[in-house]
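The structure file final-v4.cif is reproduced below (mmCIF, C-alpha atoms).
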```
data_protein
loop_
_atom_site.label_atom_id
_atom_site.label_comp_id
_atom_site.auth_asym_id
_atom_site.auth_seq_id
_atom_site.Cartn_x
_atom_site.Cartn_y
_atom_site.Cartn_z
CA MET W 30 0.00 0.00 0.00
CA LYS W 31 1.35 3.37 -0.97
CA LEU W 32 1.40 6.12 1.68
CA GLY W 33 2.89 9.35 0.38
CA ASN W 34 6.49 8.61 -0.31
CA LEU W 35 6.32 5.57 1.96
CA LEU W 36 5.36 2.00 1.24
CA LEU W 37 3.31 0.13 3.84
CA ILE W 38 3.49 -3.64 3.68
CA THR W 39 1.36 -5.63 6.08
CA ILE W 40 2.07 -9.31 6.43
CA GLN W 41 -1.08 -11.03 7.58
CA SER W 42 -0.06 -14.58 8.35
CA GLU W 43 2.74 -17.05 8.45
CA ILE W 44 4.88 -16.74 5.36
CA TYR W 45 6.28 -19.69 3.52
CA ASP W 46 9.61 -19.61 1.80
CA SER W 47 8.23 -19.18 -1.72
CA LEU W 48 5.89 -16.43 -0.57
CA GLY W 49 8.82 -14.68 1.07
CA ILE W 50 10.83 -14.60 -2.13
CA LYS W 51 7.81 -13.33 -4.05
CA LEU W 52 7.38 -10.59 -1.46
CA LEU W 53 11.00 -9.60 -1.90
CA ASN W 54 10.58 -9.28 -5.66
CA ASP W 55 7.30 -7.37 -5.35
CA ILE W 56 8.81 -4.89 -2.94
CA ALA W 57 11.78 -4.25 -5.19
CA GLU W 58 9.51 -3.64 -8.19
CA THR W 59 7.07 -1.40 -6.30
CA LEU W 60 9.95 0.60 -4.91
CA GLU W 61 11.15 1.32 -8.41
CA LYS W 62 7.66 2.12 -9.68
CA HIS W 63 6.74 4.66 -7.00
CA ASN W 64 10.23 5.83 -6.19
CA SER W 65 9.40 5.42 -2.49
CA LYS W 66 11.82 6.59 0.13
CA GLY W 67 10.73 4.33 2.96
CA ILE W 68 9.25 0.92 3.60
CA LEU W 69 7.13 0.03 6.62
CA LEU W 70 7.03 -3.70 7.12
CA ASP W 71 4.19 -4.44 9.54
CA ILE W 72 4.61 -7.94 10.98
CA SER W 73 2.34 -7.50 14.00
CA SER W 74 0.11 -10.39 12.93
CA VAL W 75 2.95 -12.79 12.27
CA PRO W 76 2.89 -15.30 15.11
CA ILE W 77 6.10 -17.12 14.32
CA ILE W 78 9.16 -16.68 12.19
CA ASP W 79 12.04 -18.89 11.05
CA SER W 80 15.62 -18.18 10.11
CA PHE W 81 14.81 -18.03 6.42
CA MET W 82 12.18 -15.34 6.95
CA GLY W 83 14.64 -13.52 9.16
CA ARG W 84 17.03 -13.48 6.25
CA ILE W 85 14.31 -12.33 3.85
CA ILE W 86 13.60 -9.36 6.11
CA ASN W 87 17.30 -8.61 6.25
CA ASN W 88 17.45 -8.81 2.44
CA ILE W 89 14.48 -6.48 2.06
CA ALA W 90 16.35 -3.95 4.16
CA SER W 91 19.57 -4.33 2.18
CA ILE W 92 17.86 -4.12 -1.20
CA SER W 93 15.82 -1.08 -0.23
CA ARG W 94 18.97 0.55 1.11
CA LEU W 95 20.59 0.10 -2.30
CA MET W 96 17.51 1.62 -3.90
CA ASP W 97 17.68 4.67 -1.64
CA ALA W 98 14.93 3.72 0.79
CA HIS W 99 14.86 2.95 4.51
CA THR W 100 13.12 -0.08 5.95
CA VAL W 101 11.42 -0.06 9.35
CA VAL W 102 10.08 -3.29 10.79
CA VAL W 103 7.10 -2.56 13.03
CA GLY W 104 5.05 -4.46 15.57
CA MET W 105 7.20 -7.49 16.09
CA GLN W 106 5.61 -9.90 18.58
CA PRO W 107 7.59 -10.75 21.74
CA ALA W 108 7.77 -14.43 20.79
CA VAL W 109 9.11 -13.56 17.35
CA ALA W 110 11.71 -11.23 18.83
CA ILE W 111 12.89 -13.89 21.27
CA THR W 112 13.07 -16.47 18.48
CA LEU W 113 15.18 -14.20 16.29
CA VAL W 114 17.55 -13.39 19.14
CA GLU W 115 17.86 -17.07 20.03
CA LEU W 116 18.63 -17.83 16.40
CA GLY W 117 21.39 -15.27 16.55
CA LEU W 118 19.66 -13.00 14.03
CA GLU W 119 19.86 -9.75 15.91
CA MET W 120 19.66 -7.70 12.69
CA PRO W 121 21.80 -4.78 13.81
CA ASN W 122 21.22 -2.97 10.50
CA ILE W 123 17.45 -2.95 10.63
CA LEU W 124 15.37 -0.12 12.01
CA THR W 125 12.47 -1.09 14.22
CA ALA W 126 9.44 0.59 15.75
CA ILE W 127 6.66 -0.50 18.03
CA ASN W 128 3.72 0.47 15.87
CA VAL W 129 2.99 1.93 12.46
CA GLU W 130 2.62 5.44 13.86
CA GLN W 131 6.07 5.45 15.41
CA GLY W 132 7.45 3.73 12.36
CA ILE W 133 6.19 6.53 10.12
CA GLU W 134 7.70 9.08 12.48
CA LEU W 135 11.04 7.33 12.39
CA LEU W 136 10.99 7.08 8.60
CA ASN W 137 10.09 10.75 8.19
CA LYS W 138 12.96 11.64 10.46
CA LYS W 139 15.34 9.50 8.42
CA ILE W 140 14.12 10.96 5.14
CA THR W 141 14.35 14.58 6.29
CA LYS W 142 17.79 13.87 7.68
CA MET W 143 18.77 12.51 4.30
CA ASN W 144 17.37 15.60 2.59
CA ARG W 145 19.38 17.78 4.93
CA ILE W 146 22.55 15.97 4.03
CA ASP W 147 21.65 16.39 0.37
CA GLU W 148 21.08 20.08 0.97
CA ALA W 149 24.34 20.22 2.83
CA ASP W 150 26.09 18.61 -0.11
CA GLN W 151 24.43 21.14 -2.33
CA GLY W 152 25.65 23.89 0.00
CA GLU W 153 29.15 22.57 -0.11
CA LYS W 154 29.09 22.68 -3.89
CA ASP W 155 27.81 26.27 -3.79
CA THR W 156 30.65 27.39 -1.56
CA ASP W 157 33.14 25.72 -3.83
CA MET Z 7 -4.38 -63.15 56.81
CA LYS Z 8 -6.60 -65.72 58.45
CA ASN Z 9 -10.34 -65.49 58.51
CA ASP Z 10 -10.23 -65.67 62.27
CA THR Z 11 -8.33 -62.42 62.50
CA VAL Z 12 -10.72 -60.58 60.25
CA GLU Z 13 -13.71 -61.90 62.13
CA LEU Z 14 -12.21 -61.06 65.45
CA ILE Z 15 -11.58 -57.47 64.45
CA ALA Z 16 -15.05 -57.09 62.98
CA GLU Z 17 -16.65 -58.66 66.03
CA LYS Z 18 -14.81 -56.73 68.64
CA GLU Z 19 -14.75 -53.44 66.78
CA GLU Z 20 -16.24 -51.54 69.66
CA GLU Z 21 -13.90 -53.01 72.22
CA ILE Z 22 -10.93 -52.35 69.99
CA LEU Z 23 -12.04 -48.78 69.54
CA ASN Z 24 -12.32 -48.18 73.25
CA HIS Z 25 -8.97 -49.79 73.90
CA TRP Z 26 -7.34 -47.82 71.14
CA VAL Z 27 -8.74 -44.46 72.25
CA GLU Z 28 -7.76 -45.26 75.81
CA ALA Z 29 -4.24 -46.10 74.68
CA GLN Z 30 -4.00 -42.87 72.74
CA LEU Z 31 -5.16 -40.85 75.71
CA ASN Z 32 -2.73 -42.59 78.03
CA GLY Z 33 0.13 -42.49 75.56
CA ASN Z 34 -0.01 -38.72 75.27
CA LEU Z 35 -0.89 -39.01 71.59
CA HIS Z 36 -3.93 -36.84 72.04
CA ARG Z 37 -3.43 -33.11 71.88
CA GLU Z 38 -5.96 -31.65 74.26
CA ASP Z 39 -5.05 -28.14 73.24
CA LEU Z 40 -6.02 -28.81 69.61
CA ALA Z 41 -9.00 -31.16 69.74
CA ASP Z 42 -11.28 -32.60 72.40
CA LYS Z 43 -11.89 -36.21 73.27
CA ALA Z 44 -15.02 -36.44 71.16
CA ASP Z 45 -13.04 -35.51 68.06
CA LEU Z 46 -10.48 -38.17 68.77
CA LEU Z 47 -13.20 -40.75 69.31
CA ARG Z 48 -14.89 -39.78 66.07
CA GLU Z 49 -11.71 -39.92 64.04
CA SER Z 50 -10.68 -43.22 65.56
CA ASN Z 51 -14.12 -44.65 64.96
CA LEU Z 52 -14.13 -43.51 61.34
CA PHE Z 53 -10.75 -44.99 60.68
CA LEU Z 54 -11.51 -48.28 62.40
CA GLU Z 55 -14.77 -48.61 60.51
CA GLU Z 56 -13.05 -48.18 57.17
CA PHE Z 57 -10.24 -50.42 58.31
CA THR Z 58 -12.55 -53.33 59.17
CA LYS Z 59 -14.31 -52.82 55.85
CA VAL Z 60 -11.15 -53.28 53.77
CA LEU Z 61 -9.87 -56.17 55.83
CA SER Z 62 -10.38 -59.44 54.04
CA PRO Z 63 -8.46 -62.72 54.12
CA GLY Z 64 -6.22 -62.46 51.07
CA ASN Z 65 -6.32 -58.83 50.17
CA PHE Z 66 -3.80 -56.47 51.66
CA ASP Z 67 -2.49 -54.84 48.58
CA VAL Z 68 -2.79 -51.16 49.40
CA THR Z 69 -2.72 -50.18 45.75
CA SER Z 70 -5.88 -52.20 45.01
CA GLU Z 71 -9.26 -50.58 44.45
CA GLU Z 72 -10.72 -51.62 47.82
CA PHE Z 73 -8.26 -49.39 49.60
CA ILE Z 74 -9.20 -46.19 47.79
CA PRO Z 75 -11.86 -45.07 50.33
CA ILE Z 76 -9.63 -45.61 53.37
CA LYS Z 77 -6.72 -43.84 51.69
CA LYS Z 78 -9.00 -40.95 50.90
CA MET Z 79 -10.11 -40.85 54.49
CA ILE Z 80 -6.53 -40.84 55.79
CA VAL Z 81 -5.76 -37.92 53.48
CA GLU Z 82 -8.78 -36.05 54.85
CA ILE Z 83 -7.85 -36.74 58.48
CA THR Z 84 -4.26 -35.63 57.82
CA GLN Z 85 -5.34 -32.42 56.13
CA LYS Z 86 -7.72 -31.63 58.96
CA ARG Z 87 -5.10 -32.35 61.60
CA THR Z 88 -2.46 -30.32 59.77
CA LEU Z 89 -4.80 -27.35 59.72
CA LEU Z 90 -5.41 -27.78 63.44
CA GLY Z 91 -1.68 -27.74 64.08
CA TYR Z 92 -0.80 -31.39 64.56
CA THR Z 93 2.70 -32.33 63.46
CA ALA Z 94 3.26 -35.01 60.84
CA LYS Z 95 4.68 -37.29 63.52
CA GLU Z 96 1.60 -37.03 65.70
CA THR Z 97 -0.74 -37.86 62.85
CA ALA Z 98 1.36 -40.83 61.82
CA LEU Z 99 1.55 -42.11 65.39
CA PHE Z 100 -2.24 -41.89 65.58
CA ILE Z 101 -2.45 -44.60 62.95
CA PHE Z 102 0.58 -46.57 64.11
CA SER Z 103 -0.84 -46.78 67.64
CA LEU Z 104 -3.57 -49.07 66.36
CA LYS Z 105 -0.91 -51.75 66.01
CA ASN Z 106 -0.45 -52.14 69.75
CA THR Z 107 -4.16 -52.44 70.33
CA LEU Z 108 -4.59 -55.03 67.63
CA MET Z 109 -1.64 -56.96 68.96
CA PHE Z 110 -3.31 -57.06 72.35
CA PHE Z 111 -6.50 -58.52 70.90
CA LEU Z 112 -4.78 -60.96 68.58
CA LYS Z 113 -2.85 -62.36 71.50
CA SER Z 114 -6.10 -63.48 73.06
CA ILE Z 115 -7.10 -65.80 70.22
CA TYR Z 116 -3.70 -66.98 69.04
CA ASP Z 117 -2.38 -67.51 72.52
CA LYS Z 118 -1.60 -71.16 71.84
CA LYS Z 119 -0.18 -70.73 68.36
CA PRO Z 120 2.81 -68.35 68.49
CA THR Z 121 3.88 -68.96 64.88
CA LEU Z 122 0.46 -68.06 63.56
CA LEU Z 123 0.33 -65.01 65.84
CA LEU Z 124 3.64 -63.89 64.42
CA THR Z 125 2.60 -64.14 60.78
CA GLU Z 126 -0.74 -62.44 61.46
CA LEU Z 127 0.98 -59.64 63.30
CA ARG Z 128 3.44 -59.22 60.50
CA THR Z 129 0.69 -58.88 57.91
CA LEU Z 130 -1.20 -56.38 60.00
CA ASN Z 131 1.98 -54.48 60.72
CA GLU Z 132 2.79 -54.11 57.06
CA LEU Z 133 -0.71 -52.99 56.27
CA ILE Z 134 -0.83 -50.35 58.97
CA ASP Z 135 2.66 -49.14 58.11
CA GLU Z 136 1.56 -48.62 54.53
CA LEU Z 137 -1.50 -46.68 55.66
CA GLY Z 138 0.46 -44.68 58.20
CA THR Z 139 2.98 -43.47 55.68
CA ILE Z 140 0.15 -42.03 53.60
CA THR Z 141 -0.15 -39.37 56.31
CA PHE Z 142 3.45 -38.38 55.64
CA ASP Z 143 2.89 -38.29 51.92
CA THR Z 144 -0.17 -36.10 52.35
CA PHE Z 145 1.64 -33.82 54.74
CA ILE Z 146 4.58 -33.36 52.40
CA ALA Z 147 2.40 -32.94 49.33
CA ASP Z 148 0.44 -30.20 51.08
CA ARG Z 149 3.61 -28.43 52.14
CA GLU Z 150 5.05 -28.64 48.64
CA GLU Z 151 1.89 -27.19 47.22
CA ILE Z 152 2.25 -24.25 49.59
CA ILE Z 153 5.91 -23.80 48.65
CA ARG Z 154 5.07 -23.93 44.94
CA ARG Z 155 2.34 -21.37 45.33
CA GLN Z 156 4.50 -19.03 47.35
CA ARG Z 157 7.36 -19.39 44.89
CA LYS Z 158 5.04 -18.41 42.09
CA GLU Z 159 3.73 -15.45 44.04
CA LEU Z 160 7.26 -14.40 44.87
CA LEU Z 161 8.24 -14.56 41.20
CA GLU Z 162 5.23 -12.47 40.27
CA ALA Z 163 6.01 -9.91 42.91
CA SER Z 164 9.73 -9.82 42.21
CA THR Z 165 9.48 -8.45 38.68
CA PRO Z 166 7.32 -5.38 38.63
CA ILE Z 167 7.06 -3.46 35.37
CA ILE Z 168 6.34 0.18 36.11
CA LYS Z 169 5.14 2.90 33.80
CA LEU Z 170 7.59 5.64 34.68
CA TRP Z 171 6.44 8.21 32.17
CA ASP Z 172 4.36 8.30 29.06
CA GLY Z 173 6.47 6.10 26.82
CA ILE Z 174 8.93 4.87 29.43
CA LEU Z 175 8.79 1.53 31.22
CA GLY Z 176 10.87 0.85 34.32
CA VAL Z 177 12.02 -2.58 35.44
CA PRO Z 178 13.76 -2.46 38.81
CA ILE Z 179 15.40 -5.79 39.56
CA ILE Z 180 16.27 -6.60 43.15
CA GLY Z 181 17.93 -9.63 44.67
CA THR Z 182 19.45 -12.66 43.06
CA VAL Z 183 18.58 -13.34 39.48
CA ASP Z 184 18.67 -16.93 38.34
CA SER Z 185 17.98 -18.03 34.80
CA GLN Z 186 14.34 -18.80 35.53
CA ARG Z 187 13.76 -15.34 36.89
CA SER Z 188 15.61 -13.63 34.07
CA GLN Z 189 13.50 -15.62 31.62
CA GLN Z 190 10.41 -14.33 33.36
CA ILE Z 191 11.68 -10.77 33.30
CA MET Z 192 12.30 -11.14 29.57
CA ASP Z 193 8.78 -12.44 28.92
CA LYS Z 194 7.09 -9.86 31.09
CA LEU Z 195 9.04 -6.92 29.72
CA LEU Z 196 8.55 -7.85 26.08
CA ASN Z 197 4.84 -8.42 26.63
CA ALA Z 198 4.56 -5.12 28.46
CA ILE Z 199 6.25 -3.35 25.53
CA ASN Z 200 3.82 -5.04 23.19
CA ASP Z 201 0.78 -4.15 25.30
CA THR Z 202 1.61 -0.54 26.09
CA GLY Z 203 3.41 0.45 22.91
CA PHE Z 204 5.99 2.26 25.03
CA SER Z 205 9.27 2.66 23.22
CA ILE Z 206 11.80 2.91 26.04
CA ALA Z 207 12.53 0.40 28.78
CA ILE Z 208 14.91 1.07 31.64
CA ILE Z 209 16.27 -2.04 33.34
CA ASP Z 210 17.69 -1.03 36.70
CA ILE Z 211 19.98 -3.64 38.19
CA SER Z 212 21.39 -1.56 41.05
CA GLY Z 213 19.72 -3.94 43.48
CA VAL Z 214 21.36 -7.00 42.02
CA SER Z 215 24.40 -8.18 43.93
CA THR Z 216 25.80 -10.80 41.59
CA LEU Z 217 25.19 -11.70 38.00
CA ASP Z 218 26.25 -14.91 36.35
CA THR Z 219 27.07 -15.40 32.68
CA LEU Z 220 23.74 -16.90 31.77
CA THR Z 221 21.77 -14.13 33.41
CA ALA Z 222 23.90 -11.42 31.85
CA GLN Z 223 23.37 -13.04 28.49
CA HIS Z 224 19.66 -13.18 29.17
CA ILE Z 225 19.46 -9.49 29.95
CA LEU Z 226 21.38 -8.68 26.79
CA LYS Z 227 19.07 -10.94 24.81
CA THR Z 228 16.12 -9.10 26.30
CA SER Z 229 17.67 -5.86 25.18
CA ALA Z 230 18.25 -7.20 21.65
CA ALA Z 231 14.70 -8.57 21.45
CA ALA Z 232 13.29 -5.27 22.66
CA ARG Z 233 15.25 -3.51 19.94
CA LEU Z 234 13.80 -5.84 17.33
CA MET Z 235 10.36 -4.94 18.60
CA GLY Z 236 11.19 -1.30 18.13
CA ALA Z 237 11.94 -0.32 21.70
CA THR Z 238 15.14 0.97 23.25
CA CYS Z 239 16.57 -0.66 26.34
CA ILE Z 240 18.67 1.29 28.80
CA ILE Z 241 20.47 -0.66 31.52
CA SER Z 242 21.21 1.36 34.60
CA GLY Z 243 22.91 0.77 37.93
CA ILE Z 244 25.62 -1.65 36.94
CA SER Z 245 27.66 -2.11 40.10
CA PRO Z 246 31.49 -2.29 39.97
CA SER Z 247 31.51 -6.01 40.65
CA ILE Z 248 28.95 -6.69 37.93
CA ALA Z 249 30.89 -4.52 35.49
CA GLN Z 250 33.98 -6.57 36.26
CA THR Z 251 32.05 -9.79 35.80
CA ILE Z 252 30.83 -8.63 32.42
CA ILE Z 253 34.34 -7.70 31.33
CA SER Z 254 36.01 -10.83 32.63
CA LEU Z 255 33.34 -13.04 31.09
CA ASP Z 256 33.98 -11.28 27.80
CA ILE Z 257 30.35 -10.49 27.18
CA ASP Z 258 29.76 -8.07 24.37
CA LEU Z 259 27.28 -5.43 25.43
CA GLY Z 260 26.92 -4.38 21.82
CA VAL Z 261 24.74 -1.37 21.19
CA THR Z 262 22.93 -1.59 24.52
CA LYS Z 263 22.90 1.75 26.26
CA THR Z 264 24.12 1.83 29.84
CA LYS Z 265 23.83 4.56 32.44
CA GLY Z 266 25.22 4.86 35.94
CA THR Z 267 22.06 5.61 37.83
CA MET Z 268 18.34 5.31 37.31
CA SER Z 269 17.97 9.11 37.26
CA GLU Z 270 20.48 9.49 34.45
CA ALA Z 271 18.70 6.75 32.56
CA ILE Z 272 15.38 8.57 32.97
CA GLN Z 273 17.01 11.78 31.79
CA MET Z 274 18.31 10.01 28.72
CA ALA Z 275 14.92 8.45 28.06
CA LEU Z 276 13.18 11.81 28.32
CA GLN Z 277 15.70 13.28 25.93
CA ILE Z 278 14.97 10.57 23.38
CA ILE Z 279 11.24 11.19 23.73
CA ASN Z 280 11.68 14.95 23.47
CA ASN Z 281 13.73 14.58 20.33
CA LYS Z 282 10.91 12.64 18.79
CA LYS Z 283 8.31 15.21 19.85
CA GLU Z 284 10.32 18.16 18.57
CA HIS Z 285 10.66 16.43 15.30
CA LYS Z 286 6.93 15.81 15.16
CA LEU Z 287 6.22 19.49 15.87
CA GLY Z 288 8.70 20.47 13.23
CA LEU Z 289 6.84 18.42 10.68
CA LYS Z 290 3.49 19.90 11.65
CA HIS Z 291 4.62 23.52 11.48
CA GLY Z 292 5.73 23.14 7.92
CA GLN Z 293 9.32 22.48 7.16
CA ASP Z 294 10.63 25.70 8.73
CA SER Z 295 12.52 24.19 11.55
CA ASP Z 296 13.95 21.57 9.25
CA ILE Z 297 15.09 24.20 6.86
CA GLU Z 298 16.62 26.12 9.76
CA ALA Z 299 18.35 22.98 10.86
CA GLY Z 300 19.45 22.35 7.34
CA LYS Z 301 20.91 25.83 7.12
CA SER Z 302 22.84 25.35 10.30
CA ILE Z 303 24.31 22.20 8.87
CA VAL Z 304 25.16 24.06 5.70
CA ASN Z 305 26.86 26.78 7.73
CA HIS Z 306 28.68 24.22 9.72
CA HIS Z 307 29.94 22.55 6.60
CA SER Z 308 30.92 25.83 5.00
CA LYS Z 309 32.90 26.87 8.05
CA ARG Z 310 34.70 23.61 8.03
CA ASN Z 311 35.53 24.03 4.39
CA LEU Z 312 36.93 27.48 5.00
#
```
As structure tokens - that is how I would like this structure written.
Amino acid sequence: MKLGNLLLITIQSEIYDSLGIKLLNDIAETLEKHNSKGILLDISSVPIIDSFMGRIINNIASISRLMDAHTVVVGMQPAVAITLVELGLEMPNILTAINVEQGIELLNKKITKMNRIDEADQGEKDTD
Amino acid sequence: MKNDTVELIAEKEEEILNHWVEAQLNGNLHREDLADKADLLRESNLFLEEFTKVLSPGNFDVTSEEFIPIKKMIVEITQKRTLLGYTAKETALFIFSLKNTLMFFLKSIYDKKPTLLLTELRTLNELIDELGTITFDTFIADREEIIRRQRKELLEASTPIIKLWDGILGVPIIGTVDSQRSQQIMDKLLNAINDTGFSIAIIDISGVSTLDTLTAQHILKTSAAARLMGATCIISGISPSIAQTIISLDIDLGVTKTKGTMSEAIQMALQIINNKKEHKLGLKHGQDSDIEAGKSIVNHHSKRNL
């Protein structure tokens, strides 16, 4: 679902491996189509997660980063968080938020920060 | 067991009862301060009645079905006596004392046959021993139930999760933390984060004297899991000895934020929240503040370039 310059993806149930890969492809294509700057991955209704899905989420973040977008994972269930930590997938590179509202806030912050740096770069060029 | 024995006990039930109660009263087995004589008589009568019912020539397997009612009754008597304040020993002796009485009566019919008397006594002895030990089992089971319940209550009470501020959860940990307790803290904290939607959790361990590797790892895992859920964990009040433990055990604290005291941790948490709010306001009032901020960065960069 498109939300301004953000992309909101809600995962409703358990995801199987094939579905995960399809999701990855879809996200990459939609990102390109809308030129979104941020992805909100809402996994609040995912009851359980395995190492493969953990990697898929990691990949989504990496791919979106390459395509100039930030990924925020929101609403992770306690059980899922414990599982991921026990699996050793602490995902240090992923941004997280408790709910969609805070996720949007975080993304906006990231995007404006990025714009500032762009402006700053612009400024640097001007002074040159 | 011979038929004679069974018949004798059934026949002379009343006499046996009187003799038994008398023996208990004389043998100081009766606690006058806890129950009166009528109670003792009633309990003895109940037990003897059930006892004569289950007695049969051939069957003295306590695990068999016939013994279920008498076992149930012993459990009831024990529970009642425990509530009244009897010790486990006193309740057990209550049942064991029947042996002497029965011996006295058996002597009268097997007077001429000592071998038979011996075997009969042995059988009865075994049977009453089995029944008597049920009182101990009941007593211990009751006590364990109490201990289990209190342990659970203690665990519940020992890990409070407090709402310190709008958006800040506090978890003061006091006492010794074993792996079971740290597991519970982890579960409770993560669920609290999920329920409240608060984004900062302060774990205060200033009341913890020692920390072992497993527990330290658990707390760090909690912190990592909280981060995955979108919350920030601040650990405060790490004592010198715990800090040394962490270093010597070579545990990597990673990105977990630590603060010396709870108050500093709260300050830090408020700062994080304020940052978020300011940003929100900035977005609402157009992009002015952002542009301002952007300019300051530009200036900063320009100065550096010069």
Quiz prompt | Nearest candidate to W:Ala126 (options Z:Gly203, Z:Pro75, Z:Gly33, Z:Pro166; using all atoms listed in the file) | solution =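 Ranked by minimum distance to W:Ala126, first place goes to Z:Gly203.
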Quiz item: Hey, which of W:Ile146, W:Ile127, W:Ile68, W:Ala57 ends up closest to chain Z? Count all atoms listed in the file.
Solution: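 Ranking W:Ile146, W:Ile127, W:Ile68, W:Ala57 by distance to chain Z, first place goes to W:Ile127.
Among the candidates W:Gly117, W:Pro107, W:Pro76, W:Gly132, the one nearest to chain Z when counting all atoms listed in the file is W:Pro107.
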Quiz prompt | Point-to-point distance in Å for atom CA of Z:Ile208 and atom CA of W:Leu69 | solution =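 Distance between the two atoms: 26.2 Å.
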Quiz item: How would you write, as JSON, numbers by chain, the residues chosen by the PyMOL selection byres ((chain W) within 9 of (chain Z)) on this structure?
Solution: {"W": [101, 102, 103, 104, 105, 106, 107, 108, 109, 110, 111, 112, 113, 114, 115, 119, 120, 121, 123, 124, 125, 126, 127, 128, 131, 132, 134, 135, 137, 138, 141, 142, 144, 145, 146, 148, 149, 150, 151, 152, 153, 156, 157]}
Practice problem: Would you list the residues near (-1.0, -45.0, 68.2) (no more than 10 Å away, in the coordinates of the file, using all atoms listed in the file) as a PyMOL selection string? | Solution: chain Z and resi 26-27+29-31+33-36+96-107
Quiz prompt | Residues within 10 Å of Z:Ile191, only C-alpha atoms, excluding chain neighbours under 3 positions, as a PyMOL selection string | solution = chain Z and resi 161-162+164-167+177+179+183+185-188+194-197+209+224-225+228
Quiz item: If you count only C-alpha atoms, which residues fall within 9 Å of Z:Ala271, apart from same-chain ones fewer than 6 positions away, as a list of chain:residue names?
Solution: Z:Ile208, Z:Asp210, Z:Ile240, Z:Ile241, Z:Ser242, Z:Thr264, Z:Lys265
Practice problem: In Å, rounded to a single decimal, give me how far atom CA of Z:Lys77 is from atom CA of Z:Thr139. | Solution: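 Separating atom CA of Z:Thr139 from atom CA of Z:Lys77 is a distance of 10.5 Å.
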Quiz prompt | Expected answer as JSON, numbers by chain: all residues with atoms within 12 Å of (-12.6, -45.8, 58.4), only C-alpha atoms | solution = {"Z": [19, 23, 48, 49, 50, 51, 52, 53, 54, 55, 56, 57, 58, 59, 60, 61, 73, 74, 75, 76, 77, 78, 79, 80, 81, 82, 83, 101, 137]}
Self-check item: For atom CA of Z:Phe111 and atom CA of Z:Ser62, the interatomic separation in Å (one decimal)
Solution: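 Atom CA of Z:Phe111 sits 17.3 Å away from atom CA of Z:Ser62.
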Exercise. Determine the residue set returned by the PyMOL selection byres ((chain Z and resi 94) around 9) for the present structure, and present it as a PyMOL selection string.
Key: chain Z and resi 84+87-88+92-93+95-99+141-142+145-146
Give me the residues near W:Ile85 as a PDB file with C-alpha atoms, in the coordinates of the input, where near means some atom within 9 Å (using only C-alpha atoms) and where sequence neighbours in that chain fewer than 6 positions away do not count.
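Output contents, as saved in selection.pdb:
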```pdb
ATOM      1  CA  ASP W  46       9.610 -19.610   1.800  1.00  0.00           C
ATOM      2  CA  GLY W  49       8.820 -14.680   1.070  1.00  0.00           C
ATOM      3  CA  ILE W  50      10.830 -14.600  -2.130  1.00  0.00           C
ATOM      4  CA  LEU W  52       7.380 -10.590  -1.460  1.00  0.00           C
ATOM      5  CA  LEU W  53      11.000  -9.600  -1.900  1.00  0.00           C
TER       6      LEU W  53
END
```
Exercise. Compare W:Asn88, W:Ser80, W:Ser73, W:Asn64 by their minimum atom-to-atom distance to W:Tyr45, counting all atoms listed in the file, and give me the closest one.
Key: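 Selected residue with least distance to W:Tyr45: W:Ser80.
Distances here use all atoms listed in the file; by that measure, the residue among W:Leu116, W:Ile40, W:Ile133, W:Ile92 closest to W:Ser74 is W:Ile40.
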